[in-house]
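Novice: Provided herewith: input28.csv, CSV, C-alpha atoms.
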```
chain,number,residue,atom,x,y,z
A,1,MET,CA,6.2,10.9,2.2
A,2,LYS,CA,5.1,7.9,4.2
A,3,LEU,CA,4.1,4.5,2.6
A,4,VAL,CA,0.7,4.6,4.1
A,5,LYS,CA,0.0,8.1,2.6
A,6,ILE,CA,0.9,6.8,-0.9
A,7,ILE,CA,-1.3,3.8,-0.6
A,8,ASP,CA,-4.2,5.6,1.1
A,9,ASP,CA,-4.2,8.4,-1.5
A,10,LYS,CA,-4.2,5.9,-4.4
A,11,VAL,CA,-7.0,3.8,-2.8
A,12,LYS,CA,-9.1,6.9,-2.4
A,13,GLU,CA,-8.3,8.1,-6.0
A,14,LEU,CA,-9.4,4.7,-7.4
A,15,ASN,CA,-12.4,4.6,-5.0
A,16,LEU,CA,-11.3,1.2,-3.7
A,17,SER,CA,-11.9,-0.4,-0.3
A,18,TYR,CA,-9.0,-2.0,1.6
A,19,TYR,CA,-11.0,-5.3,1.3
A,20,ARG,CA,-11.0,-5.0,-2.5
A,21,LEU,CA,-7.3,-4.0,-2.5
A,22,SER,CA,-6.6,-7.2,-0.5
A,23,LYS,CA,-8.4,-9.3,-3.0
A,24,ILE,CA,-6.7,-7.7,-6.0
A,25,SER,CA,-3.2,-7.7,-4.5
A,26,GLY,CA,-3.3,-10.9,-2.5
A,27,VAL,CA,-2.0,-9.1,0.6
A,28,PRO,CA,-3.9,-10.1,3.7
A,29,LEU,CA,-6.5,-7.5,4.8
A,30,ASN,CA,-5.1,-7.4,8.4
A,31,THR,CA,-1.7,-6.5,6.9
A,32,LEU,CA,-3.2,-3.6,5.0
A,33,TYR,CA,-5.1,-2.4,8.1
A,34,SER,CA,-1.9,-2.7,10.2
A,35,ILE,CA,-0.2,-0.3,7.7
A,36,LYS,CA,-3.2,2.0,7.6
A,37,ASN,CA,-3.5,2.3,11.4
A,38,GLY,CA,0.2,2.8,12.0
A,39,VAL,CA,0.7,-0.5,13.8
A,40,ARG,CA,3.2,-1.5,11.1
A,41,LYS,CA,5.4,1.0,9.3
A,42,VAL,CA,7.0,-1.2,6.7
A,43,LEU,CA,6.0,-4.1,4.5
A,44,THR,CA,8.0,-6.9,3.0
A,45,LEU,CA,9.2,-6.1,-0.5
A,46,ARG,CA,7.0,-8.8,-1.9
A,47,ASN,CA,3.9,-7.3,-0.4
A,48,THR,CA,4.9,-3.8,-1.3
A,49,ILE,CA,5.3,-4.8,-5.0
A,50,LYS,CA,1.9,-6.6,-4.9
A,51,ILE,CA,0.2,-3.5,-3.6
A,52,PHE,CA,2.0,-1.1,-6.0
A,53,ASP,CA,1.1,-3.4,-8.9
A,54,ALA,CA,-2.6,-3.7,-7.8
A,55,LEU,CA,-2.8,0.1,-7.5
A,56,GLU,CA,-0.8,0.7,-10.8
A,57,LEU,CA,1.8,2.7,-8.9
A,58,ASP,CA,5.2,3.2,-10.3
A,59,LEU,CA,7.9,1.4,-8.2
A,60,ASN,CA,10.0,4.6,-8.5
A,61,GLU,CA,7.6,6.0,-5.9
A,62,LEU,CA,9.5,3.8,-3.4
A,63,LYS,CA,12.4,6.2,-3.6
A,64,LYS,CA,10.2,9.0,-2.2
A,65,ILE,CA,9.2,7.1,0.9
A,66,ASP,CA,10.4,8.2,4.3
A,67,TRP,CA,11.2,4.9,5.9
A,68,LYS,CA,11.8,6.3,9.4
```
Please re-express this file's structure in structure tokens.

Specialist:
Amino acid sequence: MKLVKIIDDKVKELNLSYYRLSKISGVPLNTLYSIKNGVRKVLTLRNTIKIFDALELDLNELKKIDWK
């Protein structure tokens, strides 16, 4: 599974906007949109943890990510 898919699914499930996720997580909005639009495929570990924490995702989900 791709990182963007995990984030996008959870954002939709929680009915959040990427703007709101940016405000909650502290990750810049342009970084979130870069991931969503496929410009960027990976994030720093710090930003990934911030996003997962904001979305209340288990960090064990990182093991399922296809990093290629």

Novice: Determine the nearest neighbour of Leu32 (chain A) from the options A:Phe52, A:Asp9, A:Val4, A:Lys68, counting all atoms listed in the file.

Specialist: A:Val4

Novice: Residues near Leu45 (chain A), anyone? I mean within 12 Å using only C-alpha atoms, not counting same-chain ones fewer than 6 positions away, as number ranges by chain.

Specialist: A: 27, 51-53, 59, 62

Novice: May I ask which of the residues A:Ile65, A:Leu55, A:Asn47, A:Asn30 is the closest one to Lys12 (chain A), counting only C-alpha atoms?

Specialist: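 Residue with the minimum atom-to-atom distance to Lys12 (chain A): A:Leu55.
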
Novice: Find the spatial neighbours of Glu13 (chain A), counting only C-alpha atoms, within a cut-off of 12 Å - ignore same-chain residues fewer than 4 positions away - and output them as a PDB file with C-alpha atoms, keeping the file's coordinate frame.

Specialist:
```pdb
ATOM      1  CA  LYS A   5       0.000   8.100   2.600  1.00  0.00           C
ATOM      2  CA  ILE A   6       0.900   6.800  -0.900  1.00  0.00           C
ATOM      3  CA  ILE A   7      -1.300   3.800  -0.600  1.00  0.00           C
ATOM      4  CA  ASP A   8      -4.200   5.600   1.100  1.00  0.00           C
ATOM      5  CA  ASP A   9      -4.200   8.400  -1.500  1.00  0.00           C
ATOM      6  CA  SER A  17     -11.900  -0.400  -0.300  1.00  0.00           C
ATOM      7  CA  LEU A  55      -2.800   0.100  -7.500  1.00  0.00           C
ATOM      8  CA  GLU A  56      -0.800   0.700 -10.800  1.00  0.00           C
ATOM      9  CA  LEU A  57       1.800   2.700  -8.900  1.00  0.00           C
TER      10      LEU A  57
END
```

Novice: Go ahead and compute the interatomic distance for CA of Tyr18 (chain A) and CA of Arg46 (chain A), in Å to one decimal.

Specialist: 17.7 Å

Novice: Taking into account only C-alpha atoms, which residue in the set A:Asp66, A:Glu61, A:Leu43, A:Lys50 is nearest to Lys23 (chain A)?

Specialist: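 Distance minimum relative to Lys23 (chain A) lands on A:Lys50.
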
Novice: Would you mind putting back all heavy atoms on region 9-20 of chain A, then writing it out as a CSV table (one decimal), in the coordinates of the input?

Specialist:
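Now in part12.csv:
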```csv
chain,number,residue,atom,x,y,z
A,9,ASP,N,-3.8,7.5,-0.5
A,9,ASP,CA,-4.2,8.4,-1.5
A,9,ASP,C,-4.6,7.7,-2.8
A,9,ASP,O,-5.6,8.1,-3.4
A,9,ASP,CB,-3.0,9.4,-1.9
A,9,ASP,CG,-2.8,10.4,-0.8
A,9,ASP,OD1,-3.6,10.5,0.2
A,9,ASP,OD2,-1.7,11.1,-0.8
A,10,LYS,N,-3.9,6.7,-3.2
A,10,LYS,CA,-4.2,5.9,-4.4
A,10,LYS,C,-5.5,5.1,-4.2
A,10,LYS,O,-6.4,5.1,-5.2
A,10,LYS,CB,-3.1,5.0,-4.8
A,10,LYS,CG,-3.2,4.5,-6.2
A,10,LYS,CD,-3.2,5.6,-7.3
A,10,LYS,CE,-3.2,5.0,-8.6
A,10,LYS,NZ,-3.0,5.9,-9.7
A,11,VAL,N,-5.7,4.6,-3.1
A,11,VAL,CA,-7.0,3.8,-2.8
A,11,VAL,C,-8.2,4.8,-2.9
A,11,VAL,O,-9.2,4.4,-3.5
A,11,VAL,CB,-6.9,3.2,-1.4
A,11,VAL,CG1,-8.3,2.7,-0.9
A,11,VAL,CG2,-6.0,2.0,-1.4
A,12,LYS,N,-8.0,6.0,-2.3
A,12,LYS,CA,-9.1,6.9,-2.4
A,12,LYS,C,-9.3,7.4,-3.9
A,12,LYS,O,-10.5,7.5,-4.3
A,12,LYS,CB,-8.8,8.1,-1.5
A,12,LYS,CG,-9.0,7.8,-0.1
A,12,LYS,CD,-8.6,9.0,0.8
A,12,LYS,CE,-8.7,8.6,2.3
A,12,LYS,NZ,-8.1,9.6,3.2
A,13,GLU,N,-8.2,7.6,-4.6
A,13,GLU,CA,-8.3,8.1,-6.0
A,13,GLU,C,-9.0,7.0,-6.8
A,13,GLU,O,-9.9,7.4,-7.7
A,13,GLU,CB,-6.9,8.3,-6.5
A,13,GLU,CG,-6.9,8.7,-8.0
A,13,GLU,CD,-5.4,8.8,-8.5
A,13,GLU,OE1,-4.6,9.3,-7.7
A,13,GLU,OE2,-5.2,8.4,-9.7
A,14,LEU,N,-8.8,5.8,-6.6
A,14,LEU,CA,-9.4,4.7,-7.4
A,14,LEU,C,-10.7,4.3,-6.8
A,14,LEU,O,-11.4,3.4,-7.4
A,14,LEU,CB,-8.4,3.5,-7.5
A,14,LEU,CG,-7.1,3.7,-8.2
A,14,LEU,CD1,-6.2,2.5,-8.1
A,14,LEU,CD2,-7.4,4.1,-9.7
A,15,ASN,N,-11.1,4.9,-5.7
A,15,ASN,CA,-12.4,4.6,-5.0
A,15,ASN,C,-12.5,3.1,-4.7
A,15,ASN,O,-13.5,2.4,-5.0
A,15,ASN,CB,-13.6,5.0,-5.9
A,15,ASN,CG,-14.8,5.1,-5.1
A,15,ASN,OD1,-14.8,5.3,-3.9
A,15,ASN,ND2,-16.0,4.9,-5.7
A,16,LEU,N,-11.4,2.6,-4.1
A,16,LEU,CA,-11.3,1.2,-3.7
A,16,LEU,C,-11.5,1.1,-2.2
A,16,LEU,O,-11.2,2.0,-1.5
A,16,LEU,CB,-10.0,0.5,-4.0
A,16,LEU,CG,-9.6,0.3,-5.5
A,16,LEU,CD1,-8.2,-0.2,-5.6
A,16,LEU,CD2,-10.6,-0.7,-6.1
A,17,SER,N,-11.9,-0.1,-1.7
A,17,SER,CA,-11.9,-0.4,-0.3
A,17,SER,C,-10.6,-1.2,0.0
A,17,SER,O,-10.0,-1.7,-1.0
A,17,SER,CB,-13.1,-1.2,0.1
A,17,SER,OG,-13.0,-2.5,-0.5
A,18,TYR,N,-10.2,-1.2,1.2
A,18,TYR,CA,-9.0,-2.0,1.6
A,18,TYR,C,-9.3,-3.5,1.4
A,18,TYR,O,-8.5,-4.3,1.1
A,18,TYR,CB,-8.6,-1.7,3.0
A,18,TYR,CG,-7.7,-0.5,3.0
A,18,TYR,CD1,-8.2,0.8,3.0
A,18,TYR,CD2,-6.3,-0.7,3.0
A,18,TYR,CE1,-7.3,1.9,3.0
A,18,TYR,CE2,-5.4,0.4,3.0
A,18,TYR,CZ,-5.9,1.7,3.0
A,18,TYR,OH,-5.1,2.7,3.0
A,19,TYR,N,-10.6,-3.9,1.5
A,19,TYR,CA,-11.0,-5.3,1.3
A,19,TYR,C,-10.7,-5.6,-0.2
A,19,TYR,O,-10.2,-6.6,-0.5
A,19,TYR,CB,-12.5,-5.5,1.6
A,19,TYR,CG,-13.0,-6.8,1.3
A,19,TYR,CD1,-12.7,-7.9,2.1
A,19,TYR,CD2,-13.7,-7.1,0.1
A,19,TYR,CE1,-13.1,-9.2,1.8
A,19,TYR,CE2,-14.2,-8.3,-0.2
A,19,TYR,CZ,-13.9,-9.4,0.6
A,19,TYR,OH,-14.3,-10.7,0.3
A,20,ARG,N,-11.2,-4.7,-1.1
A,20,ARG,CA,-11.0,-5.0,-2.5
A,20,ARG,C,-9.5,-5.0,-2.9
A,20,ARG,O,-9.0,-5.8,-3.7
A,20,ARG,CB,-11.7,-3.9,-3.3
A,20,ARG,CG,-11.7,-4.1,-4.8
A,20,ARG,CD,-12.6,-5.3,-5.2
A,20,ARG,NE,-12.5,-5.5,-6.6
A,20,ARG,CZ,-12.2,-6.6,-7.2
A,20,ARG,NH1,-12.1,-7.7,-6.5
A,20,ARG,NH2,-12.1,-6.7,-8.5
```
